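Below is one structure, written out as structure tokens, with a few remarks after it.
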Amino acid sequence: MGPPQPAPPAAPKSSVPLIGHLISLDTTLSRQLHSLTQPVLPSSLLLLLELSADFRLFFPISLSLLLSPSLLRPFLPPLLLGLLLDLALIGLVKLLFRRSRPPHNHTHSMNVAVSADHFSFPSGHASRVCFVASLAHLSAAAIRQGHHEASKTVNFVLLVVWVWAVLTSVSRVLLGRHFVSDVFVGACLGVLEAVFSFRFLKF
């Protein structure tokens, strides 16, 4: 008999990468939130929030603000240009990542405008509403400075806009359109877009 052969090295233990755990957690949490609220919240309310932040409706409404009183004029150029920036950026990221919509999403109730809308990451609705709310927040000081009598009105509008932004963002998960991470990243992008637009897109 020859010398004993060395034992083969032990196979490395298979482990799911961290990103896999995060995606699994994201999927489970999103599905549970959707399932828990389905019997409670009317889908018509969630669809109304979805419609309120649809670019095809929201951008023309924003354009109509050009006819508004002069106190809103400093707010309008960064708003309109920022909305176009948001549309381009979110569409590009969606096409790069190509993450599918949640399996519990009812695609028959979706009104898809472009091919990028078939993808989930990040949430365009969340980015859009958080962009608008953040830009309004940043612009509020300038509006108050020139129109002290409008301070209470500005504060009230800010509150309404932030409530709308939060409810619309949350509704994306509850409606089954997005995973939680889609909404979180979309909201963060919206805030960053607002800061950029406020600093560099004012005229």
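The chains in the structure tokens are called A, B, ... from first to last as shown; in each chain the residues are counted from 1, and the ligands are counted from 1 in the order shown.
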Just the helix (DSSP H, G or I) stuff from range 2-203 of chain A, please, per backbone DSSP, written as a PDB file with C-alpha atoms, in the first residue's frame.
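The file below, result11.pdb, is the result:
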ATOM      1  CA  LEU A  18     -25.898  39.712   2.024  1.00  0.00           C
ATOM      2  CA  ILE A  19     -27.666  41.245  -0.942  1.00  0.00           C
ATOM      3  CA  GLY A  20     -29.748  38.083  -1.239  1.00  0.00           C
ATOM      4  CA  HIS A  21     -30.863  38.364   2.382  1.00  0.00           C
ATOM      5  CA  LEU A  22     -31.771  42.012   1.886  1.00  0.00           C
ATOM      6  CA  ILE A  23     -33.791  41.301  -1.249  1.00  0.00           C
ATOM      7  CA  SER A  24     -35.604  38.457   0.498  1.00  0.00           C
ATOM      8  CA  LEU A  25     -36.385  40.665   3.489  1.00  0.00           C
ATOM      9  CA  ASP A  26     -37.514  43.466   1.191  1.00  0.00           C
ATOM     10  CA  THR A  27     -39.822  41.133  -0.731  1.00  0.00           C
ATOM     11  CA  THR A  28     -41.326  39.597   2.405  1.00  0.00           C
ATOM     12  CA  LEU A  29     -41.903  42.931   4.129  1.00  0.00           C
ATOM     13  CA  SER A  30     -43.458  44.452   1.019  1.00  0.00           C
ATOM     14  CA  ARG A  31     -45.813  41.509   0.531  1.00  0.00           C
ATOM     15  CA  GLN A  32     -46.875  41.523   4.181  1.00  0.00           C
ATOM     16  CA  LEU A  33     -47.598  45.260   4.178  1.00  0.00           C
ATOM     17  CA  HIS A  34     -49.637  44.844   1.021  1.00  0.00           C
ATOM     18  CA  SER A  35     -51.587  41.886   2.424  1.00  0.00           C
ATOM     19  CA  LEU A  36     -52.273  43.488   5.809  1.00  0.00           C
ATOM     20  CA  THR A  37     -53.749  46.676   4.375  1.00  0.00           C
ATOM     21  CA  SER A  43     -58.010  50.500  -3.491  1.00  0.00           C
ATOM     22  CA  SER A  44     -59.770  53.525  -4.969  1.00  0.00           C
ATOM     23  CA  LEU A  45     -57.977  55.779  -2.457  1.00  0.00           C
ATOM     24  CA  LEU A  46     -54.596  54.271  -3.309  1.00  0.00           C
ATOM     25  CA  LEU A  47     -55.306  54.597  -7.024  1.00  0.00           C
ATOM     26  CA  LEU A  48     -56.285  58.231  -6.522  1.00  0.00           C
ATOM     27  CA  LEU A  49     -52.936  58.908  -4.846  1.00  0.00           C
ATOM     28  CA  GLU A  50     -51.238  57.120  -7.733  1.00  0.00           C
ATOM     29  CA  LEU A  51     -53.046  59.295 -10.250  1.00  0.00           C
ATOM     30  CA  SER A  52     -52.246  62.501  -8.362  1.00  0.00           C
ATOM     31  CA  PHE A  55     -46.266  62.671 -14.560  1.00  0.00           C
ATOM     32  CA  ARG A  56     -48.781  62.927 -17.405  1.00  0.00           C
ATOM     33  CA  LEU A  57     -51.194  64.707 -15.081  1.00  0.00           C
ATOM     34  CA  PHE A  58     -48.791  66.423 -12.721  1.00  0.00           C
ATOM     35  CA  PHE A  59     -46.542  68.146 -15.270  1.00  0.00           C
ATOM     36  CA  PRO A  60     -49.381  69.971 -17.104  1.00  0.00           C
ATOM     37  CA  ILE A  61     -50.764  71.096 -13.745  1.00  0.00           C
ATOM     38  CA  SER A  62     -47.308  72.395 -12.841  1.00  0.00           C
ATOM     39  CA  LEU A  63     -47.145  74.264 -16.147  1.00  0.00           C
ATOM     40  CA  SER A  64     -50.432  75.959 -15.318  1.00  0.00           C
ATOM     41  CA  LEU A  65     -48.732  77.530 -12.285  1.00  0.00           C
ATOM     42  CA  LEU A  66     -47.037  79.902 -14.726  1.00  0.00           C
ATOM     43  CA  LEU A  67     -50.313  81.805 -14.577  1.00  0.00           C
ATOM     44  CA  SER A  70     -45.867  86.377  -8.665  1.00  0.00           C
ATOM     45  CA  LEU A  71     -44.995  84.936  -5.238  1.00  0.00           C
ATOM     46  CA  LEU A  72     -44.648  81.477  -6.825  1.00  0.00           C
ATOM     47  CA  ARG A  73     -42.422  82.584  -9.697  1.00  0.00           C
ATOM     48  CA  PRO A  74     -39.086  81.748  -7.949  1.00  0.00           C
ATOM     49  CA  PHE A  75     -40.417  78.241  -7.325  1.00  0.00           C
ATOM     50  CA  LEU A  76     -41.492  77.426 -10.886  1.00  0.00           C
ATOM     51  CA  PRO A  77     -38.254  77.132 -12.957  1.00  0.00           C
ATOM     52  CA  PRO A  78     -36.601  74.616 -10.607  1.00  0.00           C
ATOM     53  CA  LEU A  79     -39.929  72.778 -10.289  1.00  0.00           C
ATOM     54  CA  LEU A  80     -40.471  72.320 -14.017  1.00  0.00           C
ATOM     55  CA  LEU A  81     -36.843  71.585 -14.879  1.00  0.00           C
ATOM     56  CA  GLY A  82     -36.504  69.315 -11.866  1.00  0.00           C
ATOM     57  CA  LEU A  83     -39.549  67.292 -12.914  1.00  0.00           C
ATOM     58  CA  LEU A  84     -37.954  66.706 -16.312  1.00  0.00           C
ATOM     59  CA  LEU A  85     -34.681  65.756 -14.624  1.00  0.00           C
ATOM     60  CA  ASP A  86     -36.547  63.332 -12.380  1.00  0.00           C
ATOM     61  CA  LEU A  87     -38.308  61.734 -15.341  1.00  0.00           C
ATOM     62  CA  ALA A  88     -35.023  61.178 -17.184  1.00  0.00           C
ATOM     63  CA  LEU A  89     -33.046  59.977 -14.155  1.00  0.00           C
ATOM     64  CA  ILE A  90     -35.659  57.542 -12.872  1.00  0.00           C
ATOM     65  CA  GLY A  91     -36.219  56.148 -16.351  1.00  0.00           C
ATOM     66  CA  LEU A  92     -32.482  55.601 -16.803  1.00  0.00           C
ATOM     67  CA  VAL A  93     -32.077  53.848 -13.444  1.00  0.00           C
ATOM     68  CA  LYS A  94     -35.100  51.640 -14.116  1.00  0.00           C
ATOM     69  CA  LEU A  95     -33.644  50.551 -17.444  1.00  0.00           C
ATOM     70  CA  LEU A  96     -30.252  49.870 -15.854  1.00  0.00           C
ATOM     71  CA  PHE A  97     -31.550  47.711 -12.981  1.00  0.00           C
ATOM     72  CA  THR A 107     -50.680  44.799 -13.663  1.00  0.00           C
ATOM     73  CA  HIS A 108     -54.120  45.078 -15.279  1.00  0.00           C
ATOM     74  CA  SER A 109     -54.807  48.209 -13.209  1.00  0.00           C
ATOM     75  CA  SER A 115     -41.330  50.598 -21.341  1.00  0.00           C
ATOM     76  CA  ALA A 116     -39.391  51.699 -18.254  1.00  0.00           C
ATOM     77  CA  ASP A 117     -42.670  51.722 -16.313  1.00  0.00           C
ATOM     78  CA  HIS A 118     -42.643  47.932 -16.379  1.00  0.00           C
ATOM     79  CA  GLY A 124     -40.885  57.247  -9.848  1.00  0.00           C
ATOM     80  CA  HIS A 125     -43.941  58.311  -7.885  1.00  0.00           C
ATOM     81  CA  ALA A 126     -41.950  58.421  -4.634  1.00  0.00           C
ATOM     82  CA  SER A 127     -39.128  60.385  -6.234  1.00  0.00           C
ATOM     83  CA  ARG A 128     -41.558  62.852  -7.817  1.00  0.00           C
ATOM     84  CA  VAL A 129     -43.607  63.626  -4.715  1.00  0.00           C
ATOM     85  CA  CYS A 130     -40.540  63.852  -2.469  1.00  0.00           C
ATOM     86  CA  PHE A 131     -38.881  66.120  -5.008  1.00  0.00           C
ATOM     87  CA  VAL A 132     -41.892  68.450  -5.008  1.00  0.00           C
ATOM     88  CA  ALA A 133     -42.225  68.452  -1.217  1.00  0.00           C
ATOM     89  CA  SER A 134     -38.501  69.027  -0.663  1.00  0.00           C
ATOM     90  CA  LEU A 135     -38.323  71.794  -3.258  1.00  0.00           C
ATOM     91  CA  ALA A 136     -41.369  73.481  -1.736  1.00  0.00           C
ATOM     92  CA  HIS A 137     -39.711  73.261   1.668  1.00  0.00           C
ATOM     93  CA  LEU A 138     -36.491  74.805   0.366  1.00  0.00           C
ATOM     94  CA  SER A 139     -38.352  77.549  -1.501  1.00  0.00           C
ATOM     95  CA  ALA A 140     -40.664  78.442   1.378  1.00  0.00           C
ATOM     96  CA  ALA A 141     -38.163  80.752   3.071  1.00  0.00           C
ATOM     97  CA  ALA A 142     -37.744  82.869  -0.065  1.00  0.00           C
ATOM     98  CA  ILE A 143     -41.497  83.078  -0.566  1.00  0.00           C
ATOM     99  CA  ARG A 144     -42.061  84.115   3.063  1.00  0.00           C
ATOM    100  CA  GLN A 145     -39.301  86.712   2.880  1.00  0.00           C
ATOM    101  CA  GLY A 146     -40.991  88.642   0.129  1.00  0.00           C
ATOM    102  CA  HIS A 148     -44.771  88.123   5.111  1.00  0.00           C
ATOM    103  CA  GLU A 149     -48.551  88.198   5.040  1.00  0.00           C
ATOM    104  CA  ALA A 150     -48.570  84.827   3.263  1.00  0.00           C
ATOM    105  CA  SER A 151     -46.556  82.968   5.925  1.00  0.00           C
ATOM    106  CA  LYS A 152     -49.526  81.092   7.361  1.00  0.00           C
ATOM    107  CA  THR A 153     -50.715  80.092   3.913  1.00  0.00           C
ATOM    108  CA  VAL A 154     -47.232  78.894   2.962  1.00  0.00           C
ATOM    109  CA  ASN A 155     -46.971  76.824   6.142  1.00  0.00           C
ATOM    110  CA  PHE A 156     -50.361  75.240   5.512  1.00  0.00           C
ATOM    111  CA  VAL A 157     -49.505  74.414   1.896  1.00  0.00           C
ATOM    112  CA  LEU A 158     -46.201  72.898   3.013  1.00  0.00           C
ATOM    113  CA  LEU A 159     -48.002  70.669   5.493  1.00  0.00           C
ATOM    114  CA  VAL A 160     -50.479  69.508   2.851  1.00  0.00           C
ATOM    115  CA  VAL A 161     -47.708  68.814   0.330  1.00  0.00           C
ATOM    116  CA  TRP A 162     -45.653  66.789   2.808  1.00  0.00           C
ATOM    117  CA  VAL A 163     -48.682  64.753   3.895  1.00  0.00           C
ATOM    118  CA  TRP A 164     -49.479  64.080   0.236  1.00  0.00           C
ATOM    119  CA  ALA A 165     -45.872  63.080  -0.454  1.00  0.00           C
ATOM    120  CA  VAL A 166     -45.698  60.658   2.475  1.00  0.00           C
ATOM    121  CA  LEU A 167     -49.096  59.082   1.773  1.00  0.00           C
ATOM    122  CA  THR A 168     -48.349  58.682  -1.922  1.00  0.00           C
ATOM    123  CA  SER A 169     -44.954  57.113  -1.230  1.00  0.00           C
ATOM    124  CA  VAL A 170     -46.386  54.640   1.281  1.00  0.00           C
ATOM    125  CA  SER A 171     -49.278  53.835  -1.042  1.00  0.00           C
ATOM    126  CA  ARG A 172     -46.854  52.491  -3.649  1.00  0.00           C
ATOM    127  CA  VAL A 173     -46.056  49.567  -1.351  1.00  0.00           C
ATOM    128  CA  LEU A 174     -49.616  49.134  -0.084  1.00  0.00           C
ATOM    129  CA  VAL A 180     -40.097  49.001   0.155  1.00  0.00           C
ATOM    130  CA  SER A 181     -36.557  49.561  -1.124  1.00  0.00           C
ATOM    131  CA  ASP A 182     -37.894  50.992  -4.393  1.00  0.00           C
ATOM    132  CA  VAL A 183     -39.809  53.639  -2.487  1.00  0.00           C
ATOM    133  CA  PHE A 184     -36.961  54.414  -0.100  1.00  0.00           C
ATOM    134  CA  VAL A 185     -34.417  54.915  -2.880  1.00  0.00           C
ATOM    135  CA  GLY A 186     -36.919  56.855  -4.979  1.00  0.00           C
ATOM    136  CA  ALA A 187     -37.654  59.196  -2.077  1.00  0.00           C
ATOM    137  CA  CYS A 188     -33.935  59.777  -1.464  1.00  0.00           C
ATOM    138  CA  LEU A 189     -33.370  60.558  -5.135  1.00  0.00           C
ATOM    139  CA  GLY A 190     -36.273  63.003  -5.048  1.00  0.00           C
ATOM    140  CA  VAL A 191     -34.746  64.893  -2.127  1.00  0.00           C
ATOM    141  CA  LEU A 192     -31.355  65.049  -3.870  1.00  0.00           C
ATOM    142  CA  GLU A 193     -32.997  66.286  -7.066  1.00  0.00           C
ATOM    143  CA  ALA A 194     -34.722  69.026  -5.085  1.00  0.00           C
ATOM    144  CA  VAL A 195     -31.446  70.201  -3.557  1.00  0.00           C
ATOM    145  CA  PHE A 196     -29.788  70.202  -6.984  1.00  0.00           C
ATOM    146  CA  SER A 197     -32.694  72.034  -8.639  1.00  0.00           C
ATOM    147  CA  PHE A 198     -32.927  74.600  -5.857  1.00  0.00           C
ATOM    148  CA  ARG A 199     -29.223  75.400  -6.073  1.00  0.00           C
ATOM    149  CA  PHE A 200     -28.530  75.207  -9.790  1.00  0.00           C
TER     150      PHE A 200
END
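CA of Arg98 in chain A sits 5.4 Å away from CA of Phe119 in chain A.
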Can you tell me which residues surround Pro102 in chain A at a distance of at most 7 Å, considering only C-alpha atoms, apart from same-chain residues fewer than 6 positions away, and format the answer as a short mmCIF file (atom, residue, chain, number, x, y, z; two decimals) with C-alpha atoms, in the first residue's frame?
data_model
loop_
_atom_site.label_atom_id
_atom_site.label_comp_id
_atom_site.auth_asym_id
_atom_site.auth_seq_id
_atom_site.Cartn_x
_atom_site.Cartn_y
_atom_site.Cartn_z
CA GLY A 176 -48.37 46.42 -4.56
CA ARG A 177 -46.67 48.51 -7.21
CA HIS A 178 -43.27 48.60 -5.50
CA PHE A 179 -41.02 47.01 -2.94
#
message: So the first atom is CA of Leu175 in chain A and the second is CA of Pro39 in chain A; what is the distance between them in Å, to one decimal place?
response: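 These atoms are spaced 11.6 Å apart.
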- prompt: In Å, how far is it from CA of Lys202 in chain A to CA of Phe121 in chain A?
  reply: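 A separation of 29.0 Å between them.
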